[in-house]
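Participant: Got a structure for you, questions after.
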Amino acid sequence: MKIIQHKSLLFLLGLTSFFIACNTTTEVSVSDDATIKAMYFQKNDSSPNLSDAVFIIDDEKGLIYNVDSLPYQTRVDSAYASFSFASTNGYLINDTFPETSYTTSTAYDFSKPVKLTNYASDKKTKKEYTIIVNVHQVETYLHVWKNPVEMITENASENQKAVLLNNKYYFFTSNGNYTQLYSSADASSWLHENNPTGLPANAVFRNMIVYKDQILLLHNGNELYTSRNGVSWEKHLLNGDNNYDFLVLLFNFKNQFWSVAQNKTTKSLNIASSSDGINWTVRNTLPAKFPVSDFAATAFTPRLGREKVIIVGGIDASGKKLNTRWSAENDPTTDSLHWVNLNNSRSTFEAISGAGICYYGSKLLLIGGTDNYEQLKDTSVQMRQSLDEGLSWAKPDTSLNKLPTNFAYRKNASVIHNKANNTLYIIGGKGMFLPLSDVWTVKANFYNFVDPSKY
């Protein structure tokens with residue numbers, strides 16, 4: 001049957017050549033080059049993403065394929081393909097129907113490999129290709145939630161914090177009398193470590209950050225505790241302006257630690273910085289309504305733009321819960337931070353405290369927290385996203401980022417973005433009535449793709 005089909009093709013091509021010769025005097029150049037130079041799909045209303053495919057031609061292997069897979073569920077089962085040839089006297093699709101125009105006259109099913117055989121204009125030379133159209137098999141932007149651990153310990157208290165140090169997870173919890181420490185290499189299997197030594201009994205773990213190879217905890221206005229293994233801690237007295245108490249560690253940004261410093265006499269607030277966490281320089285004044293506890297803060301680099309920081313909500317020095325979103329970039333003229341209040345009349349944002357924040361999947365995610373009445377609200381508050389660097393916030397598309405039904409609403413959860421495996425970890429916190437020590441992981445599907453930076 002295949003031989004008959006090829007003879008029919010040659011007859012048809014010969015007949016076509018005869019009529020061309022009778023109607024023109026143009027000299028036709030003949031080539032033995034049967035390679036394909038380009039392929040693309042015609043636009044199709046029933047499959048709007050189809051024409052976005054960009055194909056690579058591999059003459060050596062005889063392959064035509066798209067490196068960037070088409071979006072999930074893109075229809076490729078009925079597509080019209082167009083080709084550009086070095087030369088052609090006609091071509092066959094799947095060894096069946098002959099095609100002579102540069103766009104197929106028949107829609108073909110590209111959900112499986114398609115064979116293309118092109119005959120050069122010398123009517124003798126041919127070259128075969130296999131066309132493979134790649135389509136994502138999972139929803140690109142879907143965030144997959146898992147719950148590997150329901151409870152790290154039965155003895156968790158509200159004063160707790162989980163951190164990632166040197167590719168190892170640490171979970172601290174204290175009831176005011178003694179501190180317990182648990183560790184894990186994968187956040188799934190946890191071991192009870194020796195109880196930490198050298199930490200004050202009333203240390204507030206939310207005032208703990210990690211930088212490079214050590215954990216830092218600011219305490220009592222002028223004490224810094226550091227550890228490289230979570231177990232052994234060393235106390236340092238801060239070296240700075242004696243007129244100030246250093247209230248809280250904010251973040252590490254531009255190779256500097258940043259803190260809120262409060263004047264002991266006037267109670268005014270200033271931003272302070274340190275290169276080692278011990279020697280501090282008090283810098284420019286902060287607004288009176290700047291948070292000093294229970295805020296969500298992170299440093300991040302947006303896809304377009306410079307690295308910056310953001311602080312959301314929290315409690316100010318007078319004890320008032322805030323609805324502020326403070327964003328800052330480095331101010332080279334003062335060697336400090338230039339702060340901008342993102343509150344505006346067009347976006348409503350309620351007061352919140354105890355939330356967690358991170359930059360994940362090219363957007364900011366705000367997780368958990370309580371409102372003005374200390375209530376844990378529904379999913380519209382328990383998980384929000386910002387696509388404009390913190391200016392506006394909204395509940396994510398529920399089809400992509402829906403919270404699991406068994407995810408307990410919470411405040412003061414530890415939110416960790418492990419960039420080594422591009423996974424987000426949400427650990428513990430406090431539920432409506434009791435402390436939590438569960439572990440949740442979140443991973444966007446596109447982080448499993450060859451080049452996730454494109455998404």
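Just so we're on the same page: first chain in the structure tokens is A, next is B, and so on; residues restart at 1 for each chain, and ligands are numbered from 1 in the order they show up.
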Which residues, written as a list in words, have at least one atom at most 12 Å from Asn147 of chain A, with only C-alpha atoms counted and residues fewer than 3 positions away on the same chain left out?

Facilitator: Val144, Glu150, Met151, Ile152, Ala187, Ser188, Leu403, Pro404, Thr405, Asn406, Phe407, Ala408, Leu424, Tyr425, Ile426, Ile427, Gly428, Ser437, Asp438, Val439, Trp440, Thr441, Val442 and Lys443 of chain A

Participant: Those residues you just picked out, can you put them in a file as a compact mmCIF listing (two decimals), in the first residue's frame with N, CA and C atoms?

Facilitator:
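Contents of result-v3.txt, as written:
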```txt
# COMPACT_ATOMS: atom_id res chain seq x y z
N VAL A 144 0.89 22.93 44.67
CA VAL A 144 0.56 21.63 45.25
C VAL A 144 0.89 21.65 46.74
N GLU A 150 1.94 16.03 60.93
CA GLU A 150 0.79 16.59 61.61
C GLU A 150 1.18 17.22 62.94
N MET A 151 2.27 16.73 63.56
CA MET A 151 2.68 17.27 64.85
C MET A 151 4.15 16.95 65.10
N ILE A 152 4.99 17.97 65.16
CA ILE A 152 6.39 17.75 65.50
C ILE A 152 6.52 17.31 66.95
N ALA A 187 12.39 18.24 56.91
CA ALA A 187 11.15 18.78 57.48
C ALA A 187 10.06 17.73 57.59
N SER A 188 10.40 16.47 57.37
CA SER A 188 9.42 15.38 57.49
C SER A 188 9.70 14.50 58.72
N LEU A 403 -6.52 26.73 49.57
CA LEU A 403 -6.03 26.13 50.81
C LEU A 403 -6.66 24.76 51.02
N PRO A 404 -5.91 23.79 51.49
CA PRO A 404 -6.50 22.47 51.79
C PRO A 404 -7.57 22.61 52.87
N THR A 405 -8.56 21.77 52.81
CA THR A 405 -9.67 21.86 53.77
C THR A 405 -9.22 21.57 55.20
N ASN A 406 -8.16 20.81 55.37
CA ASN A 406 -7.68 20.49 56.72
C ASN A 406 -6.54 21.38 57.18
N PHE A 407 -6.31 22.48 56.47
CA PHE A 407 -5.30 23.44 56.90
C PHE A 407 -5.90 24.34 57.96
N ALA A 408 -5.39 24.27 59.18
CA ALA A 408 -5.94 25.06 60.28
C ALA A 408 -5.56 26.53 60.13
N LEU A 424 8.04 25.90 49.50
CA LEU A 424 7.63 26.76 50.60
C LEU A 424 7.20 25.88 51.77
N TYR A 425 7.69 26.20 52.96
CA TYR A 425 7.36 25.44 54.17
C TYR A 425 6.60 26.34 55.13
N ILE A 426 5.45 25.87 55.60
CA ILE A 426 4.66 26.57 56.61
C ILE A 426 4.64 25.67 57.83
N ILE A 427 5.25 26.15 58.92
CA ILE A 427 5.45 25.30 60.09
C ILE A 427 4.83 25.95 61.32
N GLY A 428 3.94 25.20 61.96
CA GLY A 428 3.40 25.58 63.26
C GLY A 428 2.64 26.88 63.28
N SER A 437 2.13 22.51 65.67
CA SER A 437 3.50 22.16 65.29
C SER A 437 3.48 21.27 64.05
N ASP A 438 2.51 21.51 63.19
CA ASP A 438 2.42 20.74 61.94
C ASP A 438 3.33 21.33 60.89
N VAL A 439 3.53 20.59 59.79
CA VAL A 439 4.37 21.03 58.68
C VAL A 439 3.58 20.91 57.39
N TRP A 440 3.54 22.00 56.65
CA TRP A 440 2.91 22.01 55.32
C TRP A 440 3.97 22.43 54.30
N THR A 441 3.91 21.81 53.13
CA THR A 441 4.78 22.22 52.03
C THR A 441 3.93 22.66 50.86
N VAL A 442 4.43 23.65 50.14
CA VAL A 442 3.74 24.17 48.97
C VAL A 442 4.77 24.27 47.84
N LYS A 443 4.42 23.75 46.67
CA LYS A 443 5.33 23.87 45.53
C LYS A 443 4.53 24.13 44.26
```

Participant: Which residues of segment 328-389 of chain A sit at most 8 Å from segment 286-297 of chain A, using only C-alpha atoms? Give each one's shortest atom pair and distance in Å (one decimal place), in chain and ascending residue order, as JSON lines.

Facilitator:
```
{"residue": "A:Ser353", "atom": "CA", "partner": "A:Asp294", "partner_atom": "CA", "distance": 5.4}
{"residue": "A:Gly354", "atom": "CA", "partner": "A:Asp294", "partner_atom": "CA", "distance": 4.9}
{"residue": "A:Ala355", "atom": "CA", "partner": "A:Ala296", "partner_atom": "CA", "distance": 5.5}
{"residue": "A:Gly356", "atom": "CA", "partner": "A:Ala296", "partner_atom": "CA", "distance": 5.2}
{"residue": "A:Ile357", "atom": "CA", "partner": "A:Ala296", "partner_atom": "CA", "distance": 5.6}
{"residue": "A:Cys358", "atom": "CA", "partner": "A:Ala297", "partner_atom": "CA", "distance": 7.9}
```

Participant: So which one's closest to Lys430 of chain A, A:Gln160, A:Thr117, A:Ser84, A:Asn44? Using only C-alpha atoms, please.

Facilitator: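 Once distances to Lys430 of chain A are computed over only C-alpha atoms, the minimum belongs to A:Gln160.
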
Participant: How many Å lie between atom CA of Pro200 of chain A and atom CA of Asn155 of chain A, rounded to one decimal?

Facilitator: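 Atom-to-atom, atom CA of Pro200 of chain A and atom CA of Asn155 of chain A are spaced 19.0 Å apart.
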
Participant: Mind the document's chain letters and residue numbers, and return as a short mmCIF file (atom, residue, chain, number, x, y, z; two decimals) with C-alpha atoms, in the first residue's frame the residues of segment 66-305 of chain A that DSSP labels strand (DSSP E or B).

Facilitator:
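For reference, states-v2.cif as written:
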```cif
data_model
loop_
_atom_site.label_atom_id
_atom_site.label_comp_id
_atom_site.auth_asym_id
_atom_site.auth_seq_id
_atom_site.Cartn_x
_atom_site.Cartn_y
_atom_site.Cartn_z
CA ASN A 66 8.96 22.81 20.74
CA LEU A 70 2.38 24.63 25.41
CA ALA A 79 -4.10 21.39 13.98
CA ALA A 81 0.66 22.99 10.25
CA SER A 82 2.65 25.28 7.98
CA PHE A 83 6.20 24.62 6.78
CA SER A 84 9.09 26.37 5.10
CA PHE A 85 11.32 24.10 3.00
CA TYR A 91 5.48 16.00 1.23
CA LEU A 92 3.68 13.22 3.07
CA ILE A 93 2.18 13.27 6.57
CA PRO A 98 0.27 13.89 -0.16
CA GLU A 99 0.52 17.64 0.50
CA THR A 103 0.04 24.69 4.82
CA TYR A 108 -3.76 16.43 11.88
CA VAL A 114 3.73 12.74 13.53
CA LYS A 115 5.96 11.61 10.67
CA LEU A 116 6.73 14.05 7.85
CA THR A 117 8.53 13.06 4.64
CA ASN A 118 9.62 15.87 2.33
CA TYR A 119 10.69 15.32 -1.29
CA LYS A 126 13.76 12.89 0.47
CA LYS A 127 14.17 13.54 4.20
CA GLU A 128 12.08 12.25 7.09
CA TYR A 129 11.27 14.07 10.32
CA THR A 130 9.36 13.18 13.47
CA ILE A 131 7.24 16.05 14.82
CA ILE A 132 6.76 16.09 18.58
CA VAL A 135 2.20 20.16 26.05
CA HIS A 143 0.43 25.18 43.89
CA VAL A 144 0.56 21.63 45.25
CA TRP A 145 0.03 21.37 49.02
CA LYS A 146 1.24 18.48 51.18
CA ASN A 147 1.10 17.80 54.91
CA PRO A 148 4.10 15.56 55.73
CA VAL A 149 3.90 16.11 59.51
CA ASN A 159 6.34 31.00 71.69
CA GLN A 160 7.94 29.12 68.79
CA LYS A 161 9.90 29.57 65.59
CA ALA A 162 11.18 27.35 62.79
CA VAL A 163 14.25 28.32 60.77
CA LEU A 164 16.42 26.86 58.02
CA LEU A 165 20.16 26.86 58.74
CA LYS A 168 18.72 21.81 58.15
CA TYR A 169 15.40 22.74 59.75
CA TYR A 170 15.19 23.74 63.42
CA PHE A 171 12.00 24.12 65.47
CA PHE A 172 12.27 26.03 68.76
CA THR A 173 9.49 26.12 71.36
CA SER A 174 9.47 27.41 74.94
CA THR A 179 13.23 25.52 75.68
CA GLN A 180 12.96 22.47 73.45
CA LEU A 181 14.62 22.07 70.07
CA TYR A 182 13.77 19.70 67.22
CA SER A 183 15.71 19.30 63.99
CA SER A 184 15.15 17.73 60.58
CA LEU A 191 14.59 14.54 66.09
CA HIS A 192 14.50 15.95 69.62
CA THR A 197 21.99 26.22 76.36
CA MET A 208 14.98 35.49 65.53
CA ILE A 209 16.48 35.59 62.04
CA VAL A 210 19.02 33.54 60.09
CA TYR A 211 21.91 34.97 58.13
CA GLN A 214 24.22 31.47 62.13
CA ILE A 215 20.98 32.21 63.95
CA LEU A 216 20.60 35.57 65.66
CA LEU A 217 18.13 36.50 68.42
CA LEU A 218 17.74 40.03 69.76
CA HIS A 219 16.69 40.26 73.41
CA GLU A 223 21.54 41.68 74.02
CA LEU A 224 22.24 39.54 70.98
CA TYR A 225 22.38 35.74 71.12
CA THR A 226 24.01 33.80 68.30
CA SER A 227 24.28 30.10 67.45
CA SER A 232 24.88 26.23 71.90
CA GLU A 234 26.59 32.85 72.85
CA LYS A 235 25.56 36.15 74.40
CA HIS A 236 26.83 39.52 73.10
CA LEU A 237 26.17 43.00 74.43
CA ASN A 239 27.64 48.20 70.89
CA TYR A 244 18.54 53.70 72.37
CA ASP A 245 17.02 50.29 72.96
CA PHE A 246 17.13 47.96 69.96
CA LEU A 247 13.64 46.53 69.92
CA VAL A 248 13.44 44.03 67.12
CA LEU A 249 15.41 42.51 64.25
CA LEU A 250 13.69 43.25 60.96
CA PHE A 251 15.72 41.42 58.27
CA ASN A 252 19.07 41.22 56.55
CA PHE A 253 19.26 43.49 53.50
CA GLN A 256 23.36 44.67 56.73
CA PHE A 257 21.15 43.74 59.67
CA TRP A 258 18.34 46.19 60.27
CA SER A 259 16.58 46.94 63.54
CA VAL A 260 14.10 49.36 65.09
CA ALA A 261 15.84 51.49 67.71
CA GLN A 262 13.78 53.42 70.27
CA ASN A 263 15.05 56.48 72.10
CA LEU A 269 11.80 55.37 66.60
CA ASN A 270 14.79 55.17 64.30
CA ILE A 271 16.10 52.64 61.83
CA ALA A 272 19.47 51.14 62.80
CA SER A 273 21.90 48.97 60.87
CA SER A 274 24.79 46.64 61.61
CA ASN A 279 27.95 47.02 66.41
CA THR A 281 24.55 52.64 63.89
CA VAL A 282 21.32 54.55 64.54
CA ARG A 283 20.08 56.21 61.34
CA ASN A 284 17.07 58.19 60.15
CA THR A 285 13.80 58.61 62.05
CA PRO A 291 5.56 48.30 63.73
CA VAL A 292 7.77 47.00 66.52
CA SER A 293 6.30 43.48 66.91
CA ALA A 296 5.46 40.16 58.55
CA ALA A 297 8.73 41.15 56.86
CA THR A 298 10.90 39.93 54.02
CA ALA A 299 13.57 41.06 51.60
CA PHE A 300 13.01 40.11 47.96
#
```

Participant: Fewer than 5 positions away in the same chain doesn't count, so skip those; otherwise give me all residues within 8 Å of Tyr80 of chain A, counting only C-alpha atoms, as a PyMOL selection string.

Facilitator: chain A and resi 41-42+103-108

Participant: So how far away is atom CA of Ile367 of chain A from atom CA of Asn412 of chain A, in Å?

Facilitator: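 That distance, rounded to one decimal, is 9.2 Å.
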
Participant: Applying 8 Å and only C-alpha atoms, which residues near segment 368-371 of chain A remain after dropping the ones on its own chain fewer than 2 positions away? List them as a count of residues only.

Facilitator: 21
